[in-house]
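Take a look at the structure below.
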Amino acid sequence: MKHTFCRTIKKISLAVMLMSTTQFSIADTASDLSNKPWMNKQLSASERTELVLKEMTFDEKLSLLMGYFGTDSPWKNTKRPVESITQSAGFVYGVPRLGIPHLWQADAGVGVASQGGPEVRERTALPSGMATAATWNPDGGFAGGAMIGDETRISGFNVQLAGGVNLVREPRNGRNFEYGGEDPLLAGVMVGEQIRGIQSKNVVSTLKHFAYNDQETNRFSSNVEIDEAAGRMSDLLALQIAYEIGNPGSVMCSYNRVYGVYACESDYLLNQVLKKDWGFKGWVMSDWGATHSTVPAANNGLDQQSGYPFDVSAYFKEPLKEAVMNGWVSQERFDDMARRVIYPLFEHGVIDNPVPKASNNIDFKKNGLISQSDAEEAIVLLKNEKLLPLAKDLKKIAVIGSHANLGVLSGGGSSQVYPVGGMAVKDLGPKFFPGPMVYYPSSPMKAIQARYPNAKVAFDSGVDAKAAAKLAAESDLVLMFANQWTAESVDVPNLSLPDNQDAIIDAVANANKKTVVVLETGGAVTMPWLNKVGAVVEAWYPGTNGGEAIARVLTGEVNPSGHLPITFPASESQLPHEKVTGYPEVKDARFDVVYHEGATVGYKWFDAKNHKPLFPFGFGLSYTEFAMSDLKAEVKNGQLTASFTVKNTGTLAGKDVAQVYVAPVNAKWEAPKRLGAFKKVDLKPGESTHVNVTVDPRLLGIYDSKSKTWTIAKGEYQVMLATSSADIVSSVKVKLPKKVLDVRGK
Ligand code: BGC
């Protein structure tokens with residue numbers, strides 16, 4: 001922390017400040033700015049930033065650093081700024097006289113969300129982040145992002161608080177549905193592509209929550225301890241890969257503490273890892289209520305306070321002004337903070353393409369289909385004893401549970417997107433945040449009935465085991481819908497389906513063996529009834545057109561191609577932590593969350609401990625069959641590449657996910673193997689394709705904290721072609737020379 005007291009600077013600053021408040025009001029709008037040098041598109045974003053920065057007064061810079069909640073806050077008796085958009089996440093005053101727009105911030109990762117209340121925006125929702133990760137299709141990730149970006153702009157926002165990539169290391173984390181799964185490569189690629197998609201529409205996206213906000217229990221106060229190198233090879237690697245691919249304009253620091261310090265005032269996380277090591281040039285915004293100071297926060301790397309009044313104080317308003325006047329925060333750092341906000345606005349075209357006034361002028365049909373195609377690729381077929389695709393001659397179909405007669409479930413909290421046409425089921429879940437529990441009006445049952453016009457499709461709520469079993473016994477086949485609502489701010493107590501659903505499924509399966517279980521869950525659940533049912537489909541939270549997507553997969557109009565982005569444990573006793581640390585939450589409890597498992601996360605833990613999961617990471621069935629062959633591995637231009645052939649040997653067109661895992665033959669890693677690369681292929685019956693993939697060198701190395709390098713040890717490596725982390729199809733060996741890479745893996 002700097003405490004340099006410089007009287008001269010203080011006087012100059014004061015003079016500039018006084019001038020600024022009298023000369024220009026923040027609400028001044030730009031007249032014709034096209035001749036201004038910083039509006040010259042031929043110049044680089046960096047040159048333009050410097051030019052406009054020179055024009056700015058102290059107060060104008062200051063205004064860019066302070067964010068407000070875009071919703072009234074009765075608990076603090078504050079109103080949202082009048083310029084903000086109703087029931088939105090955030091608002092920051094820009095400098096309109098210079099062409100720097102206000103920042104209108106919307107949550108989150110599956111679409112344009114609304115804070116709860118009477119005036120919610122109705123928008124298109126993608127399937128959950130977890131679902132998108134289950135597609136293993138980076139192009140789809142980008143397309144979904146671009147769809148959100150479009151709706152962001154039309155809704156009048158220019159900052160989308162998306163890009164959630166907290167590694168799923170705690171399967172009971174209530175927010176896992178927002179993230180990209182348990183593997184740093186898969187999560188980093190999928191979320192990075194989504195960010196790239198959003199920003200392709202001239203809006204800024206965040207990357208969040210930086211870092212280690214891997215459980216919700218006491219998220220505001222808990223302190224994460226993890227071996228530094230292990231963190232670089234797990235949570236931070238996921239964020240780093242997403243950052244490199246997505247190039248987010250902003251990074252949101254998280255609520256929790258890391259190594260004893262709040263993430264939003266952690267010199268280690270913000271100045272060292274993010275800005276120095278990774279070279280981040282944009283701005284760090286705090287999560288809503290994650291700023292705890294002025295001087296430590298500013299000097300340790302926080303650029304913008306968000307969502308006041310969630311914090312105790314408006315730290316980045318007058319207190320920041322005073323801190324700069326006193327020299328506690330240097331003028332240079334203060335300028336740097338403003339520069340970091342402006343630069344991405346030029347870089348991503350936010351300044352050159354001002355957002356229009358908010359409207360509802362959205363092509364919901366088109367966007368719904370983008371969401372649906374994501375859902376169709378995300379649905380994972382976990383078990384199938386010839387029940388699926390559904391027989392064409394079914395006469396009596398039972399649909400049971402999870403309001404499947406009305407809609408599909410979504411995850412709760414700030415990321416909540418409200419559906420066009422209103423909620424399918426009213427008055428469910430908590431009255432206040434993170435409620436309500438929202439069902440989208442896309443009924444799987446109606447979509448099934450439309451495909452079976454002559455069959456009797458009957459519904460039972462699945463609340464009473466007897467009634468459900470009775471309907472099951474009278475039917476040719478049962479579609480048993482089960483769900484697990486997860487939401488921000490609360491973890492789930494365990495991995496069992498809630499509300500007695502296991503017992504209901506059991507009773508239904510006893511009554512009719514032809515039971516297909518369709519799960520709508522945030523993440524992994526246990527399945528004590530697995531051996532009794534004929535098929536299981538994991539549909540996650542499938543988004544706006546989820547009912548249609550589920551029906552198309554069940555009937556075979558779409559061949560399922562989702563693969564698990566997480567391990568499904570057989571029981572909680574297999575996990576690194578038998579309970580979520582600190583669960584159930586005691587308000588304000590300050591405890592350590594110790595990640596003793598280090599980088600041994602997800603399947604790596606299961607491999608290392610020789611635990612047999614219920615379903616392994618990467619697993620997913622299809623209605624067709626694939627064969628993989630001709631695996632070769634070689635070092636090309638200093639990089640490990642693998643090539644192989646995938647053939648569709650079945651009778652239906654379909655998509656497969658080829659996974660390449662790597663492991664050293666003699667050295668020891670945190671786990672027996674790591675995912676090194678993957679490729680989704682789309683093949684007609686009988687068709688084959690040759691695939692080449694490159695392995696990111698960091699996935700072959702060990703990070704060293706002292707030298708900040710990744711070292712690939714000289715020696716033999718096993719390169720494995722697989723259909724899941726537990727199903728290796730073939731394996732070859734390759735020799736690698738020793739290589740030392742810098743912190744960015746170069
Ligand atoms: C969440 C963020 C979100 C912010 C604004 C916080 O509670 O953790 O993910 O972007 O609120 O709504």
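In the structure tokens, chains take the letters A, B, ... in the order shown, each chain's residues start at 1, and ligands count up from 1 in the order shown.
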Using DSSP on the backbone coordinates, identify all residues within stretch 704-733 of chain A classified as strand (DSSP E or B); present the result as a PyMOL selection string. chain A and resi 704+709-712+715-724+727-733
Filtering to N, CA and C atoms, could you give me those residues as an mmCIF file, in the first residue's frame?
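The result, written out as selection35.cif:
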```
data_model
loop_
_atom_site.group_PDB
_atom_site.id
_atom_site.type_symbol
_atom_site.label_atom_id
_atom_site.label_comp_id
_atom_site.auth_asym_id
_atom_site.auth_seq_id
_atom_site.Cartn_x
_atom_site.Cartn_y
_atom_site.Cartn_z
ATOM 1 N N ASP A 704 5.466 -24.174 -11.947
ATOM 2 C CA ASP A 704 6.344 -23.899 -10.810
ATOM 3 C C ASP A 704 6.119 -22.460 -10.349
ATOM 4 N N THR A 709 6.908 -20.703 -14.335
ATOM 5 C CA THR A 709 7.060 -21.384 -15.624
ATOM 6 C C THR A 709 6.320 -22.718 -15.597
ATOM 7 N N TRP A 710 6.058 -23.195 -16.792
ATOM 8 C CA TRP A 710 5.503 -24.542 -16.957
ATOM 9 C C TRP A 710 6.633 -25.396 -17.527
ATOM 10 N N THR A 711 6.923 -26.499 -16.879
ATOM 11 C CA THR A 711 7.989 -27.358 -17.395
ATOM 12 C C THR A 711 7.414 -28.675 -17.889
ATOM 13 N N ILE A 712 7.712 -28.943 -19.157
ATOM 14 C CA ILE A 712 7.365 -30.259 -19.700
ATOM 15 C C ILE A 712 8.612 -31.114 -19.516
ATOM 16 N N GLY A 715 10.737 -37.008 -21.794
ATOM 17 C CA GLY A 715 10.394 -38.410 -21.576
ATOM 18 C C GLY A 715 9.244 -38.884 -22.436
ATOM 19 N N GLU A 716 8.787 -40.065 -22.095
ATOM 20 C CA GLU A 716 7.695 -40.674 -22.855
ATOM 21 C C GLU A 716 6.341 -40.279 -22.282
ATOM 22 N N TYR A 717 5.411 -40.064 -23.186
ATOM 23 C CA TYR A 717 4.047 -39.705 -22.775
ATOM 24 C C TYR A 717 3.054 -40.634 -23.462
ATOM 25 N N GLN A 718 2.034 -40.942 -22.734
ATOM 26 C CA GLN A 718 0.965 -41.760 -23.268
ATOM 27 C C GLN A 718 -0.082 -40.812 -23.844
ATOM 28 N N VAL A 719 -0.508 -41.059 -25.059
ATOM 29 C CA VAL A 719 -1.582 -40.270 -25.665
ATOM 30 C C VAL A 719 -2.753 -41.225 -25.887
ATOM 31 N N MET A 720 -3.873 -40.909 -25.260
ATOM 32 C CA MET A 720 -4.986 -41.863 -25.255
ATOM 33 C C MET A 720 -6.203 -41.289 -25.962
ATOM 34 N N LEU A 721 -6.773 -42.095 -26.831
ATOM 35 C CA LEU A 721 -8.008 -41.709 -27.512
ATOM 36 C C LEU A 721 -9.150 -42.356 -26.740
ATOM 37 N N ALA A 722 -10.179 -41.574 -26.426
ATOM 38 C CA ALA A 722 -11.175 -42.100 -25.493
ATOM 39 C C ALA A 722 -12.571 -41.589 -25.801
ATOM 40 N N THR A 723 -13.553 -42.308 -25.300
ATOM 41 C CA THR A 723 -14.944 -41.854 -25.407
ATOM 42 C C THR A 723 -15.427 -41.272 -24.078
ATOM 43 N N SER A 724 -14.641 -41.477 -23.035
ATOM 44 C CA SER A 724 -14.887 -40.820 -21.745
ATOM 45 C C SER A 724 -13.604 -40.982 -20.945
ATOM 46 N N ASP A 727 -13.145 -44.651 -20.497
ATOM 47 C CA ASP A 727 -13.188 -45.580 -21.636
ATOM 48 C C ASP A 727 -12.147 -45.194 -22.679
ATOM 49 N N ILE A 728 -10.974 -45.795 -22.530
ATOM 50 C CA ILE A 728 -9.882 -45.505 -23.464
ATOM 51 C C ILE A 728 -9.981 -46.497 -24.619
ATOM 52 N N VAL A 729 -10.010 -45.950 -25.829
ATOM 53 C CA VAL A 729 -10.155 -46.805 -27.004
ATOM 54 C C VAL A 729 -8.803 -47.307 -27.479
ATOM 55 N N SER A 730 -7.832 -46.400 -27.565
ATOM 56 C CA SER A 730 -6.487 -46.824 -27.953
ATOM 57 C C SER A 730 -5.475 -45.839 -27.399
ATOM 58 N N SER A 731 -4.236 -46.249 -27.430
ATOM 59 C CA SER A 731 -3.211 -45.447 -26.774
ATOM 60 C C SER A 731 -1.881 -45.624 -27.495
ATOM 61 N N VAL A 732 -1.164 -44.520 -27.658
ATOM 62 C CA VAL A 732 0.181 -44.603 -28.254
ATOM 63 C C VAL A 732 1.145 -43.821 -27.377
ATOM 64 N N LYS A 733 2.444 -44.071 -27.605
ATOM 65 C CA LYS A 733 3.434 -43.332 -26.826
ATOM 66 C C LYS A 733 4.180 -42.369 -27.728
#
```
Which residues are near A:Lys673? Cut-off 10 Å, only C-alpha atoms, ignore same chain within fewer than 2 positions. Put them as a ChimeraX atom specification. /A:603-604,607-608,660-664,668-671,675-676,699-700,718-720,725
Neighbourhood of ligand 1 at 9 Å, counting only C-alpha atoms and all ligand atoms, reported as a PyMOL selection string: chain A and resi 69+88-90+105-109+113-115+160-162+164+206+208-209+252+254-255+286-290+306-307+413-415+488-489
What's the 12 Å shell around A:Pro118, counting only C-alpha atoms, without same-chain residues fewer than 6 positions away, as a VMD selection string? chain A and resid 71 86 to 87 418 422
Would you put the residues from that selection into a file with N, CA, C and O atoms, as a tab-separated table (two decimals), in the first residue's frame?
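Result went into again27.tsv, see below:
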```tsv
chain	number	residue	atom	x	y	z
A	71	THR	N	-31.34	-1.43	-9.77
A	71	THR	CA	-32.63	-1.81	-9.17
A	71	THR	C	-32.74	-1.07	-7.84
A	71	THR	O	-31.72	-0.88	-7.17
A	86	THR	N	-34.44	-0.45	-15.78
A	86	THR	CA	-35.15	-1.02	-14.64
A	86	THR	C	-34.85	-2.50	-14.41
A	86	THR	O	-34.69	-3.27	-15.36
A	87	GLN	N	-34.79	-2.87	-13.13
A	87	GLN	CA	-34.54	-4.25	-12.70
A	87	GLN	C	-33.32	-4.87	-13.37
A	87	GLN	O	-33.33	-6.03	-13.78
A	418	TYR	N	-36.02	-14.39	-17.58
A	418	TYR	CA	-37.47	-14.62	-17.52
A	418	TYR	C	-38.00	-14.90	-18.92
A	418	TYR	O	-37.60	-14.25	-19.88
A	422	GLY	N	-44.22	-15.44	-20.06
A	422	GLY	CA	-44.42	-15.60	-18.61
A	422	GLY	C	-44.03	-16.98	-18.12
A	422	GLY	O	-43.81	-17.91	-18.89
```
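Nearest-residue note for A:Asn213: choosing from A:Ser313, A:Val508, A:Tyr595, A:Val533, the minimum distance belongs to A:Tyr595, counting only C-alpha atoms.
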With a distance cut-off of 7 Å and only C-alpha atoms, select the neighbouring residues of A:Asp682, excluding the residue or stretch itself and same-chain residues fewer than 3 positions from it, and output the selection as number ranges by chain. A: 654-656
With N, CA and C atoms kept, could you save the residues just selected as a short mmCIF file (atom, residue, chain, number, x, y, z; two decimals), in the first residue's frame?
```cif
data_model
loop_
_atom_site.label_atom_id
_atom_site.label_comp_id
_atom_site.auth_asym_id
_atom_site.auth_seq_id
_atom_site.Cartn_x
_atom_site.Cartn_y
_atom_site.Cartn_z
N GLY A 654 -25.11 -38.97 -36.76
CA GLY A 654 -24.92 -38.58 -35.36
C GLY A 654 -23.60 -37.87 -35.13
N LYS A 655 -23.47 -37.34 -33.92
CA LYS A 655 -22.25 -36.62 -33.56
C LYS A 655 -21.54 -37.35 -32.43
N ASP A 656 -20.23 -37.37 -32.50
CA ASP A 656 -19.46 -38.02 -31.43
C ASP A 656 -18.43 -37.04 -30.90
#
```
Near A:Gly192, within 7 Å and counting only C-alpha atoms, which residues show up once chain neighbours fewer than 2 positions away are dropped, as a PyMOL selection string? chain A and resi 188-190+194-196+242-243+245-246
Please produce a file of those selected residues containing all heavy atoms, as an mmCIF file, in the first residue's frame.
```
data_model
loop_
_atom_site.group_PDB
_atom_site.id
_atom_site.type_symbol
_atom_site.label_atom_id
_atom_site.label_comp_id
_atom_site.auth_asym_id
_atom_site.auth_seq_id
_atom_site.Cartn_x
_atom_site.Cartn_y
_atom_site.Cartn_z
ATOM 1 N N GLY A 188 -12.664 -23.810 -20.049
ATOM 2 C CA GLY A 188 -12.016 -22.610 -20.584
ATOM 3 C C GLY A 188 -12.401 -22.369 -22.038
ATOM 4 O O GLY A 188 -12.717 -21.246 -22.434
ATOM 5 N N VAL A 189 -12.402 -23.430 -22.833
ATOM 6 C CA VAL A 189 -12.727 -23.283 -24.256
ATOM 7 C C VAL A 189 -14.193 -22.892 -24.431
ATOM 8 O O VAL A 189 -14.525 -21.953 -25.159
ATOM 9 C CB VAL A 189 -12.434 -24.603 -25.025
ATOM 10 C CG1 VAL A 189 -13.035 -24.561 -26.419
ATOM 11 C CG2 VAL A 189 -10.927 -24.853 -25.096
ATOM 12 N N MET A 190 -15.083 -23.599 -23.745
ATOM 13 C CA MET A 190 -16.514 -23.354 -23.961
ATOM 14 C C MET A 190 -16.920 -21.954 -23.492
ATOM 15 O O MET A 190 -17.647 -21.243 -24.182
ATOM 16 C CB MET A 190 -17.357 -24.420 -23.252
ATOM 17 C CG MET A 190 -17.189 -25.822 -23.818
ATOM 18 S SD MET A 190 -17.500 -25.993 -25.583
ATOM 19 C CE MET A 190 -19.205 -25.478 -25.680
ATOM 20 N N GLN A 194 -17.988 -18.499 -25.671
ATOM 21 C CA GLN A 194 -19.220 -17.755 -25.399
ATOM 22 C C GLN A 194 -18.917 -16.256 -25.254
ATOM 23 O O GLN A 194 -19.626 -15.407 -25.799
ATOM 24 C CB GLN A 194 -19.892 -18.273 -24.135
ATOM 25 C CG GLN A 194 -21.274 -17.687 -23.987
ATOM 26 C CD GLN A 194 -21.777 -17.677 -22.565
ATOM 27 O OE1 GLN A 194 -21.040 -17.414 -21.615
ATOM 28 N NE2 GLN A 194 -23.046 -17.981 -22.406
ATOM 29 N N ILE A 195 -17.847 -15.949 -24.542
ATOM 30 C CA ILE A 195 -17.458 -14.542 -24.363
ATOM 31 C C ILE A 195 -17.159 -13.908 -25.727
ATOM 32 O O ILE A 195 -17.592 -12.794 -26.033
ATOM 33 C CB ILE A 195 -16.220 -14.439 -23.432
ATOM 34 C CG1 ILE A 195 -16.580 -14.899 -22.016
ATOM 35 C CG2 ILE A 195 -15.648 -13.024 -23.431
ATOM 36 C CD1 ILE A 195 -15.385 -15.036 -21.084
ATOM 37 N N ARG A 196 -16.429 -14.658 -26.555
ATOM 38 C CA ARG A 196 -16.094 -14.154 -27.889
ATOM 39 C C ARG A 196 -17.384 -13.874 -28.676
ATOM 40 O O ARG A 196 -17.497 -12.876 -29.379
ATOM 41 C CB ARG A 196 -15.272 -15.218 -28.615
ATOM 42 C CG ARG A 196 -14.065 -14.705 -29.369
ATOM 43 C CD ARG A 196 -13.126 -15.837 -29.744
ATOM 44 N NE ARG A 196 -13.742 -16.907 -30.511
ATOM 45 C CZ ARG A 196 -14.045 -16.853 -31.814
ATOM 46 N NH1 ARG A 196 -13.759 -15.774 -32.510
ATOM 47 N NH2 ARG A 196 -14.606 -17.881 -32.414
ATOM 48 N N ALA A 242 -10.062 -19.383 -20.801
ATOM 49 C CA ALA A 242 -11.252 -18.605 -21.212
ATOM 50 C C ALA A 242 -10.856 -17.164 -21.524
ATOM 51 O O ALA A 242 -11.354 -16.555 -22.469
ATOM 52 C CB ALA A 242 -12.308 -18.637 -20.118
ATOM 53 N N TYR A 243 -9.947 -16.629 -20.727
ATOM 54 C CA TYR A 243 -9.464 -15.260 -20.942
ATOM 55 C C TYR A 243 -8.756 -15.146 -22.296
ATOM 56 O O TYR A 243 -9.003 -14.222 -23.070
ATOM 57 C CB TYR A 243 -8.523 -14.864 -19.786
ATOM 58 C CG TYR A 243 -7.582 -13.755 -20.134
ATOM 59 C CD1 TYR A 243 -8.036 -12.451 -20.274
ATOM 60 C CD2 TYR A 243 -6.236 -14.014 -20.385
ATOM 61 C CE1 TYR A 243 -7.174 -11.430 -20.647
ATOM 62 C CE2 TYR A 243 -5.363 -13.012 -20.748
ATOM 63 C CZ TYR A 243 -5.836 -11.720 -20.892
ATOM 64 O OH TYR A 243 -4.996 -10.720 -21.274
ATOM 65 N N ILE A 245 -9.026 -17.040 -24.986
ATOM 66 C CA ILE A 245 -9.914 -17.229 -26.135
ATOM 67 C C ILE A 245 -10.923 -16.082 -26.236
ATOM 68 O O ILE A 245 -11.184 -15.546 -27.302
ATOM 69 C CB ILE A 245 -10.667 -18.578 -26.018
ATOM 70 C CG1 ILE A 245 -9.668 -19.724 -26.123
ATOM 71 C CG2 ILE A 245 -11.762 -18.704 -27.088
ATOM 72 C CD1 ILE A 245 -10.264 -21.096 -25.879
ATOM 73 N N GLY A 246 -11.484 -15.710 -25.093
ATOM 74 C CA GLY A 246 -12.580 -14.740 -25.102
ATOM 75 C C GLY A 246 -12.138 -13.292 -25.125
ATOM 76 O O GLY A 246 -12.863 -12.425 -25.563
#
```
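Remark: for A:Gly618, the closest of the candidate residues A:Asn300, A:Thr152, A:Ser46, A:Thr135 is A:Thr135 (distances computed over only C-alpha atoms).
Residue nearest A:Ser475, chosen from A:Val525, A:Ala509, A:Ile370, A:Val408 and counting only C-alpha atoms: A:Ala509.
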Would you please extract all helix (DSSP H, G or I) residues from stretch 457-675 of chain A, as assigned by DSSP on the backbone, and give them as a PyMOL selection string? chain A and resi 465-473+501-511+530-532+546-555+572-574+603-608
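Residue nearest A:Ile379, chosen from A:Thr515, A:Ser205, A:Ser128, A:Ser561 and counting only C-alpha atoms: A:Ser561.
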As a check of understanding: the span from atom CA of A:Ile400 to atom CA of A:Gly534 is 15.3 Å
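For A:Ile148, the list of residues within 9 Å, based on only C-alpha atoms and with local chain neighbours fewer than 3 positions off taken out, reads A:Gly109, A:Val110, A:Gly111, A:Val112, A:Thr124, A:Ala125, A:Leu126, A:Ala143, A:Gly144, A:Gly145, A:Glu151, A:Thr152, A:Arg153, A:Gln160, A:Gly197, A:Ile198, A:Lys201, A:Asn367.
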Can you tell me, as a PyMOL selection string, what residues are no more than 8 Å from A:Gln215 when counting only C-alpha atoms, ignoring any on the same chain fewer than 3 positions away? chain A and resi 170+172-175+219+491+580
Save the residues we just selected, N, CA and C atoms, as an mmCIF file, in the first residue's frame?
```cif
data_model
loop_
_atom_site.group_PDB
_atom_site.id
_atom_site.type_symbol
_atom_site.label_atom_id
_atom_site.label_comp_id
_atom_site.auth_asym_id
_atom_site.auth_seq_id
_atom_site.Cartn_x
_atom_site.Cartn_y
_atom_site.Cartn_z
ATOM 1 N N GLU A 170 -16.615 -28.596 -6.443
ATOM 2 C CA GLU A 170 -17.559 -28.971 -5.385
ATOM 3 C C GLU A 170 -18.909 -29.242 -6.062
ATOM 4 N N ARG A 172 -21.684 -29.916 -5.144
ATOM 5 C CA ARG A 172 -22.917 -29.422 -4.506
ATOM 6 C C ARG A 172 -23.030 -27.907 -4.557
ATOM 7 N N ASN A 173 -22.083 -27.257 -5.217
ATOM 8 C CA ASN A 173 -22.144 -25.803 -5.366
ATOM 9 C C ASN A 173 -23.435 -25.425 -6.099
ATOM 10 N N GLY A 174 -24.199 -24.530 -5.495
ATOM 11 C CA GLY A 174 -25.489 -24.135 -6.081
ATOM 12 C C GLY A 174 -25.386 -23.418 -7.409
ATOM 13 N N ARG A 175 -24.204 -22.955 -7.773
ATOM 14 C CA ARG A 175 -24.067 -22.216 -9.034
ATOM 15 C C ARG A 175 -23.373 -23.014 -10.131
ATOM 16 N N ARG A 219 -20.130 -17.468 0.984
ATOM 17 C CA ARG A 219 -19.291 -16.943 -0.099
ATOM 18 C C ARG A 219 -18.749 -15.552 0.192
ATOM 19 N N ASP A 491 -25.947 -23.728 -1.554
ATOM 20 C CA ASP A 491 -25.484 -25.015 -2.063
ATOM 21 C C ASP A 491 -26.554 -26.054 -1.771
ATOM 22 N N VAL A 580 -19.994 -30.013 1.959
ATOM 23 C CA VAL A 580 -19.550 -28.680 1.543
ATOM 24 C C VAL A 580 -18.972 -28.012 2.797
#
```
Could I get the residues of stretch 174-288 of chain A with an atom no further than 10 Å from an atom of stretch 336-342 of chain A, each paired with its nearest atom pair and that distance in Å to one decimal, using only C-alpha atoms, sorted by chain and residue number, as a tab-separated table?
```
residue	atom	partner	partner_atom	distance
A:Gly249	CA	A:Val341	CA	8.2
A:Ser250	CA	A:Val341	CA	8.0
A:Phe280	CA	A:Arg340	CA	9.3
A:Lys281	CA	A:Arg340	CA	6.2
A:Gly282	CA	A:Arg340	CA	4.7
A:Trp283	CA	A:Arg340	CA	4.8
A:Val284	CA	A:Arg340	CA	8.2
A:Met285	CA	A:Val341	CA	9.4
```
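A straight line drawn from atom CA of A:Val380 to atom CA of A:Val537 is 5.7 Å long.
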At most 9 Å is the cut-off: for each residue in stretch 666-712 of chain A with any atom that close to an atom of stretch 631-648 of chain A, write down the nearest atom pair and the distance in Å rounded to one decimal, counting only C-alpha atoms, chain first then increasing number, as a Markdown table.
```
| residue | atom | partner | partner_atom | distance |
| --- | --- | --- | --- | --- |
| A:Ala677 | CA | A:Ala642 | CA | 8.8 |
| A:Val681 | CA | A:Val646 | CA | 7.9 |
| A:Asp682 | CA | A:Asn648 | CA | 8.9 |
| A:Leu683 | CA | A:Asn648 | CA | 6.0 |
| A:Lys684 | CA | A:Asn648 | CA | 6.6 |
| A:Pro685 | CA | A:Asn648 | CA | 5.4 |
| A:Gly686 | CA | A:Asn648 | CA | 5.3 |
| A:Glu687 | CA | A:Asn648 | CA | 5.6 |
| A:Ser688 | CA | A:Lys647 | CA | 4.0 |
| A:Thr689 | CA | A:Val646 | CA | 5.5 |
| A:His690 | CA | A:Thr645 | CA | 4.4 |
| A:Val691 | CA | A:Ser643 | CA | 5.4 |
| A:Asn692 | CA | A:Ser643 | CA | 4.4 |
| A:Val693 | CA | A:Ala642 | CA | 5.4 |
| A:Thr694 | CA | A:Thr641 | CA | 4.3 |
| A:Val695 | CA | A:Leu640 | CA | 5.6 |
| A:Asp696 | CA | A:Gln639 | CA | 7.9 |
| A:Pro697 | CA | A:Gln639 | CA | 7.0 |
```
